[in-house]
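Participant: Supplied in structure tokens, the structure appears directly below.
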Amino acid sequence: MLNRLAAGALTLALTTSCLATQVSAQGASDQVTDFTLDNGMQVVVVEDHRAPVVVHMVWYRAGAADEEPGVSGIAHFLEHLMFKATDTMASGELSSTVAANGGTDNAFTSQDQTAYHQRVAADRLELMMRMESDRMQNLALTEDDIATERDVILEERSQRTDSQPGALFNEQMRAAQYLNHPYGIPVIGWRHEMEQLGLDEANAWYERYYAPNNAILIVAGDVDPAQVKILAETYYGVIPPNLDLPAERIRPAEPPQIAERRVVFRDARVAQPYVNRTYLAPERDPGQQREAAALVMLAQLLGGGTTSYLYENLVLDQQAAVYAAAYYTPTSLDDTTFGVYIVPRPGTDLDTAEADLDAAIAGFMEEGVDEEALERIRMQIRAQDIYERDDVAAMGQMYGRALTSGLTIEDVQEWPEILQQVTPEEIMAAARKVLNRDRAVTGWMMPDPGPDVAPATPDAAAEPAPEAAPGGAPESDAEEISQ
């Protein structure tokens, strides 16, 4: 029996060692080439020659958080309008051409970036560059385009936000979290401002931000960097830069939080009440990623699945909840959030659920990091890294999101190893810094009792919640809207 256990332990150790070596080698062997065109456009080439496929992406350093006051939703609105006619292409021609060539295309807007991407056969790369560079400089919008597409985005808000109690709740939580920073404004925009978006606002956004010196071209797949450079210079290199762009993206800073904030959201459509709490937290910074890495590991240890501390304590041991979790999105230009939530068992009031959540967090802070659990999470992250690197689109996404959030290629490549190096002491230091209830927003998501029932109001010892199905995390700072 002992020999069998020893053999099993040795096998596990060898498997762990081999997997770690594989990830390390994979990370080190990312075939990434980058250069900058004369007009300031950064180009990143990620080689992967296993299949004759290429992903072509243009990422703009402009998202919803860069909008001026009063025009919320303009970044996402222009993303829709970019599929309209240019001086040389008909409306919808880009997407139909991609489809006719056996490819797929899409776009998305988030707080920090707007991106357009196509996945096609490698020999169609030049065609993608020709079309994408054309709409970077030759978009020809009309009043009819504005009227038609404005109705589209308003309907999108109706379907994705106004008809979803969870989305409305998340919107209110973010507005309470960010009093001054534009992350508190939804990517899709506030309806009353979306209704006023017009041709002038769309053209102003386009002319300001859609310039090569505000964009990153990422080409991932079966490509040769030298050939990509020739094509990039031919199609993108001739576009003049916007010399009026500021050197830095500076947003209004969030003031220090000096009071606990609470949100109580009631809606007749809510079937499952729950409690959500978010804390302002640091993001990944260039050359300084260890604290963010510690928060990634903290989120996994505290509430990253059915073996996490919150789940085992609240769901399995106490049977006080049907689900409990933690979440954190590290890649962001400015401060992000760290969140925890609990979905109580039916019949449990939210005062009790919140108290249970607080007690579990306090228990974790007292007990500290479980070394075996930490090693298991390290293994899972190693495996996830391998899977992500097996997809050229995921690789392009990884570099694009990081670079438009202020990170560097070196930061991206060092991140997997930094995650593996984080110590229990660093994790607990990050927990003590971030998990401060006095600097948090606590939300209660609950059914509306109706006009004839006086709603209960939480006292100073209670707190509010988020809307998400059991097993799913509430919306985080990575809010993103695809075309």
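Order determines the names: the first chain of the structure tokens is A, the second B, and so forth; residues in each chain are numbered 1 upward, and ligands are numbered 1 upward as they are shown.
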Per DSSP on the backbone, what are the alpha helix (DSSP H) residues of stretch 5-236 of chain A, as a PyMOL selection string?
Facilitator: chain A and resi 5-28+74-81+93-100+125-137+143-157+165-177+191-194+199-209+225-235
Participant: So the first atom is atom CA of A:Asn436 and the second is atom CA of A:Ala64; what is the distance between them in Å, to one decimal place?
Facilitator: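 That distance, rounded to one decimal, is 28.2 Å.
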Participant: Neighbours of A:Met398 within 10 Å (only C-alpha atoms; same-chain residues fewer than 6 positions away dropped), as JSON, numbers by chain?
Facilitator: {"A": [331, 388, 389, 392, 412]}
Participant: Write out as JSON, numbers by chain all residues of stretch 281-411 of chain A that backbone DSSP assigns to strand (DSSP E).
Facilitator: {"A": [281, 321, 322, 323, 324, 325, 326, 327, 328, 336, 337, 338, 339, 340, 341, 342, 343, 344]}
Participant: Just to be explicit: take each residue in the selection above, keep all heavy atoms, and write the result as a compact mmCIF listing (two decimals), in the first residue's frame.
Facilitator:
```txt
# COMPACT_ATOMS: atom_id res chain seq x y z
N ALA A 281 -10.14 47.54 -6.36
CA ALA A 281 -8.91 46.76 -6.28
C ALA A 281 -7.93 47.19 -7.37
O ALA A 281 -8.35 47.65 -8.44
CB ALA A 281 -9.23 45.27 -6.43
N ALA A 321 -26.15 28.09 1.80
CA ALA A 321 -26.28 28.71 0.49
C ALA A 321 -26.32 27.64 -0.58
O ALA A 321 -25.90 26.50 -0.37
CB ALA A 321 -25.10 29.65 0.25
N VAL A 322 -26.86 28.01 -1.74
CA VAL A 322 -26.81 27.11 -2.89
C VAL A 322 -25.59 27.42 -3.76
O VAL A 322 -25.18 26.60 -4.58
CB VAL A 322 -28.09 27.20 -3.74
CG1 VAL A 322 -29.28 26.73 -2.94
CG2 VAL A 322 -28.32 28.62 -4.26
N TYR A 323 -25.02 28.63 -3.56
CA TYR A 323 -23.78 28.95 -4.28
C TYR A 323 -23.11 30.12 -3.59
O TYR A 323 -23.77 30.99 -3.00
CB TYR A 323 -24.05 29.29 -5.75
CG TYR A 323 -22.81 29.13 -6.60
CD1 TYR A 323 -22.39 27.88 -7.01
CD2 TYR A 323 -22.04 30.22 -6.97
CE1 TYR A 323 -21.24 27.70 -7.76
CE2 TYR A 323 -20.89 30.06 -7.73
CZ TYR A 323 -20.49 28.80 -8.12
OH TYR A 323 -19.35 28.63 -8.86
N ALA A 324 -21.77 30.15 -3.68
CA ALA A 324 -20.99 31.27 -3.17
C ALA A 324 -19.69 31.30 -3.97
O ALA A 324 -19.13 30.25 -4.29
CB ALA A 324 -20.69 31.10 -1.68
N ALA A 325 -19.22 32.48 -4.28
CA ALA A 325 -18.04 32.58 -5.14
C ALA A 325 -17.36 33.92 -4.97
O ALA A 325 -17.88 34.84 -4.32
CB ALA A 325 -18.42 32.35 -6.60
N ALA A 326 -16.18 34.04 -5.58
CA ALA A 326 -15.43 35.29 -5.65
C ALA A 326 -14.95 35.47 -7.07
O ALA A 326 -14.79 34.50 -7.81
CB ALA A 326 -14.25 35.26 -4.68
N TYR A 327 -14.71 36.71 -7.47
CA TYR A 327 -14.26 36.97 -8.84
C TYR A 327 -13.41 38.23 -8.88
O TYR A 327 -13.54 39.14 -8.05
CB TYR A 327 -15.46 37.10 -9.79
CG TYR A 327 -16.48 38.15 -9.39
CD1 TYR A 327 -16.45 39.42 -9.95
CD2 TYR A 327 -17.46 37.87 -8.44
CE1 TYR A 327 -17.38 40.40 -9.58
CE2 TYR A 327 -18.39 38.82 -8.07
CZ TYR A 327 -18.34 40.09 -8.64
OH TYR A 327 -19.25 41.05 -8.27
N TYR A 328 -12.52 38.27 -9.86
CA TYR A 328 -11.61 39.41 -10.01
C TYR A 328 -11.13 39.44 -11.45
O TYR A 328 -10.78 38.42 -12.03
CB TYR A 328 -10.41 39.24 -9.06
CG TYR A 328 -9.26 40.19 -9.31
CD1 TYR A 328 -9.39 41.57 -9.09
CD2 TYR A 328 -8.03 39.71 -9.74
CE1 TYR A 328 -8.33 42.43 -9.31
CE2 TYR A 328 -6.95 40.57 -9.95
CZ TYR A 328 -7.11 41.93 -9.74
OH TYR A 328 -6.05 42.78 -9.96
N THR A 336 -9.77 48.23 -10.87
CA THR A 336 -10.85 47.30 -11.16
C THR A 336 -11.56 46.95 -9.85
O THR A 336 -11.45 47.69 -8.87
CB THR A 336 -10.28 46.05 -11.86
OG1 THR A 336 -11.32 45.15 -12.18
CG2 THR A 336 -9.23 45.35 -11.02
N THR A 337 -12.30 45.86 -9.83
CA THR A 337 -12.97 45.44 -8.60
C THR A 337 -12.73 43.97 -8.31
O THR A 337 -12.49 43.16 -9.20
CB THR A 337 -14.50 45.66 -8.67
OG1 THR A 337 -15.03 44.98 -9.80
CG2 THR A 337 -14.84 47.14 -8.74
N PHE A 338 -12.79 43.66 -7.03
CA PHE A 338 -12.76 42.29 -6.52
C PHE A 338 -14.13 42.05 -5.90
O PHE A 338 -14.61 42.88 -5.12
CB PHE A 338 -11.66 42.14 -5.47
CG PHE A 338 -11.44 40.73 -4.99
CD1 PHE A 338 -10.37 39.99 -5.45
CD2 PHE A 338 -12.31 40.14 -4.07
CE1 PHE A 338 -10.15 38.68 -5.01
CE2 PHE A 338 -12.10 38.84 -3.63
CZ PHE A 338 -11.02 38.11 -4.10
N GLY A 339 -14.78 40.95 -6.26
CA GLY A 339 -16.14 40.74 -5.78
C GLY A 339 -16.34 39.39 -5.11
O GLY A 339 -15.65 38.41 -5.39
N VAL A 340 -17.31 39.35 -4.19
CA VAL A 340 -17.75 38.10 -3.56
C VAL A 340 -19.28 38.10 -3.55
O VAL A 340 -19.90 39.17 -3.53
CB VAL A 340 -17.23 37.95 -2.11
CG1 VAL A 340 -15.73 37.78 -2.10
CG2 VAL A 340 -17.64 39.15 -1.25
N TYR A 341 -19.87 36.93 -3.60
CA TYR A 341 -21.33 36.87 -3.50
C TYR A 341 -21.81 35.54 -2.95
O TYR A 341 -21.09 34.55 -2.96
CB TYR A 341 -21.99 37.19 -4.84
CG TYR A 341 -21.86 36.14 -5.93
CD1 TYR A 341 -22.93 35.32 -6.27
CD2 TYR A 341 -20.69 36.00 -6.66
CE1 TYR A 341 -22.84 34.39 -7.29
CE2 TYR A 341 -20.57 35.08 -7.68
CZ TYR A 341 -21.66 34.27 -7.99
OH TYR A 341 -21.55 33.35 -9.00
N ILE A 342 -23.04 35.59 -2.46
CA ILE A 342 -23.66 34.41 -1.88
C ILE A 342 -25.11 34.33 -2.35
O ILE A 342 -25.83 35.33 -2.34
CB ILE A 342 -23.59 34.42 -0.33
CG1 ILE A 342 -24.30 33.18 0.24
CG2 ILE A 342 -24.18 35.70 0.24
CD1 ILE A 342 -24.11 33.03 1.76
N VAL A 343 -25.51 33.15 -2.80
CA VAL A 343 -26.89 32.88 -3.16
C VAL A 343 -27.45 31.99 -2.06
O VAL A 343 -27.12 30.81 -1.98
CB VAL A 343 -26.99 32.18 -4.53
CG1 VAL A 343 -28.45 31.95 -4.91
CG2 VAL A 343 -26.26 32.97 -5.61
N PRO A 344 -28.28 32.54 -1.17
CA PRO A 344 -28.73 31.75 -0.01
C PRO A 344 -29.76 30.70 -0.40
O PRO A 344 -30.39 30.76 -1.45
CB PRO A 344 -29.37 32.81 0.90
CG PRO A 344 -29.84 33.87 -0.05
CD PRO A 344 -28.82 33.90 -1.17
```
Participant: In Å, rounded to a single decimal, give me how far atom CA of A:Thr442 is from atom CA of A:Ile361.
Facilitator: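 These two atoms are separated by 14.2 Å.
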Participant: Contacts of A:Gly103 at 6 Å or less, counting only C-alpha atoms, minus same-chain residues fewer than 3 places along, as a list in words?
Facilitator: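 Once the nearby chain positions are removed, what remains is Val98, Ala99, Arg119 and Val120 of chain A.
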Participant: Those selected residues, please, written with N, CA, C and O atoms and delivered as a tab-separated table (two decimals), in the first residue's frame.
Facilitator:
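In the end it all went to selection-v9.tsv:
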```tsv
chain	number	residue	atom	x	y	z
A	98	VAL	N	-16.07	38.67	-45.97
A	98	VAL	CA	-15.43	37.71	-45.06
A	98	VAL	C	-16.16	36.37	-45.12
A	98	VAL	O	-15.54	35.30	-45.24
A	99	ALA	N	-17.48	36.41	-45.06
A	99	ALA	CA	-18.27	35.18	-45.10
A	99	ALA	C	-18.10	34.45	-46.42
A	99	ALA	O	-17.99	33.21	-46.46
A	119	ARG	N	-11.39	36.09	-38.77
A	119	ARG	CA	-10.66	34.81	-38.81
A	119	ARG	C	-10.88	34.22	-40.19
A	119	ARG	O	-12.01	33.92	-40.57
A	120	VAL	N	-9.80	34.06	-40.94
A	120	VAL	CA	-9.89	33.62	-42.33
A	120	VAL	C	-8.72	32.70	-42.67
A	120	VAL	O	-7.80	32.51	-41.87
```
Participant: Pick out the residues sitting within 9 Å of A:Gln319, and hand them over as a list in words; count only C-alpha atoms, and ignore anything fewer than 5 positions along from it in its own chain.
Facilitator: Asn313, Leu314, Pro344 and Arg345 of chain A
Participant: Compare A:Val270, A:Leu139, A:Leu374, A:Val275 by their minimum atom-to-atom distance to A:Gln300, counting only C-alpha atoms, and give me the closest one.
Facilitator: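 Ranked by minimum distance to A:Gln300, first place goes to A:Leu374.
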